[in-house]
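coords_10.cif (mmCIF, C-alpha atoms) appears below.
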data_my_file
#
loop_
_atom_site.label_atom_id
_atom_site.label_comp_id
_atom_site.auth_asym_id
_atom_site.auth_seq_id
_atom_site.Cartn_x
_atom_site.Cartn_y
_atom_site.Cartn_z
CA MET A 14 1.18 -2.49 26.40
CA VAL A 15 2.15 0.88 24.93
CA PHE A 16 2.88 0.97 21.21
CA ILE A 17 5.22 3.24 19.35
CA ASN A 18 7.29 5.11 21.85
CA GLU A 19 10.28 4.45 24.07
CA GLN A 20 8.49 1.56 25.75
CA TRP A 21 8.29 -0.54 22.61
CA ASN A 22 8.95 -4.22 22.87
CA ASN A 23 12.21 -3.76 20.85
CA THR A 24 13.07 -7.45 21.07
CA GLY A 25 11.68 -8.26 17.64
CA ASP A 26 9.10 -10.49 19.28
CA ILE A 27 5.39 -10.52 18.62
CA VAL A 28 3.31 -8.72 21.25
CA VAL A 29 0.23 -10.82 21.99
CA TYR A 30 -2.80 -9.57 23.90
CA SER A 31 -4.09 -12.98 25.08
CA ASN A 32 -4.39 -16.67 24.27
CA TYR A 33 -6.71 -17.93 21.57
CA HIS A 34 -8.38 -21.33 21.94
CA LYS A 35 -9.89 -22.76 18.79
CA TYR A 36 -13.55 -23.75 18.88
CA TRP A 37 -13.16 -27.36 17.70
CA LEU A 38 -10.71 -29.89 19.10
CA ASP A 39 -11.85 -32.25 16.35
CA ARG A 40 -13.99 -30.64 13.66
CA GLU A 41 -14.86 -33.91 11.90
CA ARG A 42 -16.13 -35.58 15.06
CA LYS A 43 -17.68 -32.32 16.34
CA ILE A 44 -15.68 -32.30 19.58
CA LYS A 45 -15.74 -28.78 21.02
CA ASN A 46 -12.76 -27.34 22.87
CA PRO A 47 -13.55 -26.99 26.60
CA LEU A 48 -10.99 -24.14 26.79
CA PHE A 49 -12.83 -22.03 24.19
CA ASP A 50 -13.66 -18.79 26.02
CA VAL A 51 -15.35 -15.42 25.53
CA PHE A 52 -12.14 -13.77 24.27
CA SER A 53 -11.65 -16.49 21.66
CA GLY A 54 -15.28 -16.05 20.65
CA LYS A 55 -14.70 -12.30 20.18
CA ILE A 56 -11.79 -13.09 17.84
CA LEU A 57 -14.06 -15.38 15.80
CA ASP A 58 -16.64 -12.58 15.70
CA LEU A 59 -13.93 -10.18 14.51
CA LYS A 60 -12.94 -12.62 11.75
CA GLU A 61 -16.57 -12.43 10.61
CA GLY A 62 -16.44 -8.62 10.64
CA LYS A 63 -19.04 -8.23 13.38
CA GLN A 64 -19.28 -4.62 14.56
CA SER A 65 -19.60 -5.65 18.21
CA ALA A 66 -16.19 -7.36 18.05
CA ILE A 67 -14.60 -4.42 16.23
CA ASN A 68 -15.92 -2.13 18.98
CA TYR A 69 -14.72 -4.53 21.70
CA PHE A 70 -11.13 -4.64 20.43
CA TYR A 71 -11.12 -0.94 19.53
CA ASN A 72 -11.98 -0.09 23.14
CA ILE A 73 -9.13 -2.29 24.38
CA LEU A 74 -6.47 -0.99 21.96
CA ASN A 75 -7.23 2.62 21.08
CA GLU A 76 -5.65 4.21 24.16
CA GLU A 77 -2.56 1.98 23.83
CA ILE A 78 -1.53 3.19 20.37
CA CYS A 79 0.27 6.51 20.04
CA ASP A 80 -0.61 9.20 17.50
CA GLY A 81 1.30 9.19 14.23
CA VAL A 82 1.70 5.42 14.01
CA THR A 83 1.11 3.75 10.65
CA ILE A 84 -1.33 0.86 10.93
CA CYS A 85 -0.92 -2.21 8.67
CA VAL A 86 -2.52 -5.64 8.87
CA VAL A 87 -1.43 -9.08 7.75
CA PRO A 88 -3.47 -9.95 4.64
CA SER A 89 -5.95 -12.80 4.51
CA SER A 90 -4.80 -16.17 3.19
CA SER A 91 -7.26 -15.63 0.32
CA ALA A 92 -6.12 -13.34 -2.51
CA GLU A 93 -9.78 -12.60 -3.27
CA LYS A 94 -10.53 -11.38 0.25
CA ILE A 95 -9.48 -7.76 0.47
CA LYS A 96 -11.43 -6.58 3.54
CA SER A 97 -11.07 -8.44 6.83
CA GLY A 98 -12.21 -8.06 10.42
CA ILE A 99 -8.70 -7.17 11.59
CA GLY A 100 -8.56 -4.71 8.69
CA MET A 101 -11.83 -3.07 9.75
CA LEU A 102 -10.42 -2.76 13.28
CA GLY A 103 -7.20 -1.28 11.85
CA GLU A 104 -9.17 1.24 9.79
CA ARG A 105 -11.08 2.36 12.85
CA LEU A 106 -7.88 2.67 14.90
CA ALA A 107 -6.26 4.67 12.07
CA GLU A 108 -9.01 7.30 12.25
CA ASN A 109 -7.50 8.70 15.46
CA GLN A 110 -4.41 10.68 14.49
CA ARG A 111 -2.78 7.62 12.91
CA ILE A 112 -1.80 6.75 9.36
CA ASN A 113 -3.99 4.30 7.45
CA ALA A 114 -1.90 1.80 5.51
CA VAL A 115 -4.17 -1.01 6.67
CA TYR A 116 -4.35 -2.76 3.32
CA TYR A 117 -0.86 -1.80 2.09
CA LEU A 118 0.07 -5.48 2.17
CA TYR A 119 -2.02 -7.79 0.02
CA ARG A 120 -2.04 -11.43 -1.00
CA THR A 121 -1.15 -12.03 -4.67
CA LYS A 122 -1.95 -15.73 -4.58
CA SER A 123 -4.24 -17.61 -2.19
CA ILE A 124 -2.67 -20.07 0.22
CA ASP A 125 -4.32 -22.79 2.29
CA LYS A 126 -5.65 -21.47 5.59
CA LEU A 127 -3.09 -22.03 8.30
CA ALA A 128 -5.85 -22.93 10.75
CA LEU A 129 -6.74 -25.86 8.50
CA GLY A 130 -3.22 -27.21 8.17
CA GLY A 131 -1.81 -25.01 5.41
CA CYS A 132 1.95 -24.54 5.10
CA ARG A 133 3.29 -22.26 7.82
CA ASP A 134 6.71 -21.53 6.27
CA LYS A 135 7.71 -17.87 6.17
CA GLU A 136 8.79 -18.29 2.52
CA VAL A 137 5.21 -19.13 1.48
CA HIS A 138 4.15 -15.72 2.77
CA MET A 139 7.15 -13.93 1.25
CA LYS A 140 6.24 -15.31 -2.19
CA THR A 141 2.52 -14.50 -1.99
CA ILE A 142 2.40 -11.05 -0.35
CA SER A 143 3.04 -7.78 -2.17
CA THR A 144 2.53 -4.06 -1.54
CA LEU A 145 0.48 -1.26 -3.07
CA ASP A 146 2.38 1.21 -5.22
CA ASP A 147 0.35 4.27 -4.25
CA ILE A 148 1.28 4.14 -0.55
CA THR A 149 4.73 4.55 0.94
CA VAL A 150 5.99 3.28 4.28
CA THR A 151 9.46 4.80 3.95
CA ASP A 152 10.67 6.06 7.36
CA LYS A 153 7.33 5.15 8.97
CA ILE A 154 6.84 3.59 12.37
CA ILE A 155 4.39 0.75 11.83
CA LEU A 156 2.09 -1.27 14.00
CA LEU A 157 1.58 -4.53 12.09
CA MET A 158 -1.55 -6.30 13.33
CA ASP A 159 -2.98 -9.80 13.00
CA ASP A 160 -5.97 -11.42 14.65
CA VAL A 161 -4.38 -14.77 15.58
CA THR A 162 -0.80 -15.97 15.36
CA THR A 163 0.35 -19.56 15.58
CA THR A 164 3.94 -19.76 14.37
CA GLY A 165 4.32 -16.02 13.75
CA ASN A 166 5.64 -16.60 10.25
CA SER A 167 3.04 -14.43 8.51
CA LEU A 168 3.87 -11.54 10.85
CA TYR A 169 7.63 -12.06 10.43
CA ALA A 170 7.27 -12.20 6.63
CA CYS A 171 5.16 -9.02 6.57
CA LYS A 172 7.64 -7.26 8.85
CA GLU A 173 10.49 -8.21 6.52
CA ILE A 174 8.55 -6.91 3.50
CA LEU A 175 7.79 -3.63 5.30
CA MET A 176 11.44 -3.20 6.29
CA GLN A 177 12.52 -3.89 2.68
CA LYS A 178 10.12 -1.11 1.62
CA GLY A 179 11.87 1.34 3.95
CA ALA A 180 9.90 1.22 7.19
CA LYS A 181 11.81 2.76 10.10
CA HIS A 182 10.44 0.32 12.70
CA VAL A 183 7.78 -2.40 12.71
CA GLU A 184 6.10 -3.62 15.88
CA MET A 185 4.21 -6.90 15.46
CA PHE A 186 0.97 -7.40 17.38
CA ALA A 187 -1.60 -10.21 17.48
CA LEU A 188 -4.84 -10.22 19.41
CA GLY A 189 -4.45 -13.92 20.17
CA LYS A 190 -1.80 -16.62 20.28
CA ALA A 191 -3.18 -19.99 19.19
CA ILE A 192 -2.79 -22.48 22.02
#

If you took the structure in this file and wrote it as structure tokens, what would it be?
Amino acid sequence: MVFINEQWNNTGDIVVYSNYHKYWLDRERKIKNPLFDVFSGKILDLKEGKQSAINYFYNILNEEICDGVTICVVPSSSAEKIKSGIGMLGERLAENQRINAVYYLYRTKSIDKLALGGCRDKEVHMKTISTLDDITVTDKIILLMDDVTTTGNSLYACKEILMQKGAKHVEMFALGKAI
């Protein structure tokens, strides 16, 4: 898994580090998922912004990301939530000879959480995500990161927005694929 050089994925697909198993099979009846594992727990810790999870994923990813890459993250489903765990990880990764555009994309209107059954259509994301005016991504090579992907539509929408804003190349990456 080397990002931003000749060994890029180049298929337009999302690069996923591992599988993510949700904690609850049935939240209302409190039935826990027997497949929930340590990795999935680390992702939940990251979502909560826990430093131990940020360190864990930083140690996994830092050596895999080339210098000079612009780091962006998929914004939260909540327009009010600016900072996120994946954003804090992105900021830390950007400290090492990379470009910090972590929060270049932002949510203009909250949408229902996808994990709780919200609409997963790409168009919902296209209509509710915008970009900051004081940052440019023109001709940049971007690593677009998300914590968990299910359908990939938020990543695909963000990639399209970045390309419309002039990005040279966007590689999509998620820590986990919801199973």

For this session: Starting from the shown file, work through the PyMOL selection byres ((chain A and resi 67) around 12) and note down what comes out as a VMD selection string.
Result: chain A and resid 55 to 66 68 to 75 97 to 106 160 188

Problem set entry | Matched chain/residue IDs from the PyMOL selection byres ((chain A and resi 119-123) around 12), as a ChimeraX atom specification | /A:85-97,100,114-118,124-127,131-132,137-146,167,171,174-175

Exercise. In Å to one decimal, how far is CA of Phe52 in chain A from CA of Val183 in chain A?
Worked result: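 The value is 25.7 Å.
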
Exercise. Restricting the calculation to only C-alpha atoms, which member of A:Val82, A:Ile112, A:Ile192, A:Met185 is positioned closest to Met158 in chain A?
Worked result: A:Met185

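Closest approach to Asp80 in chain A among A:Ala187, A:Asn32, A:Ile154, A:Asp147: A:Ile154, based on all atoms listed in the file.
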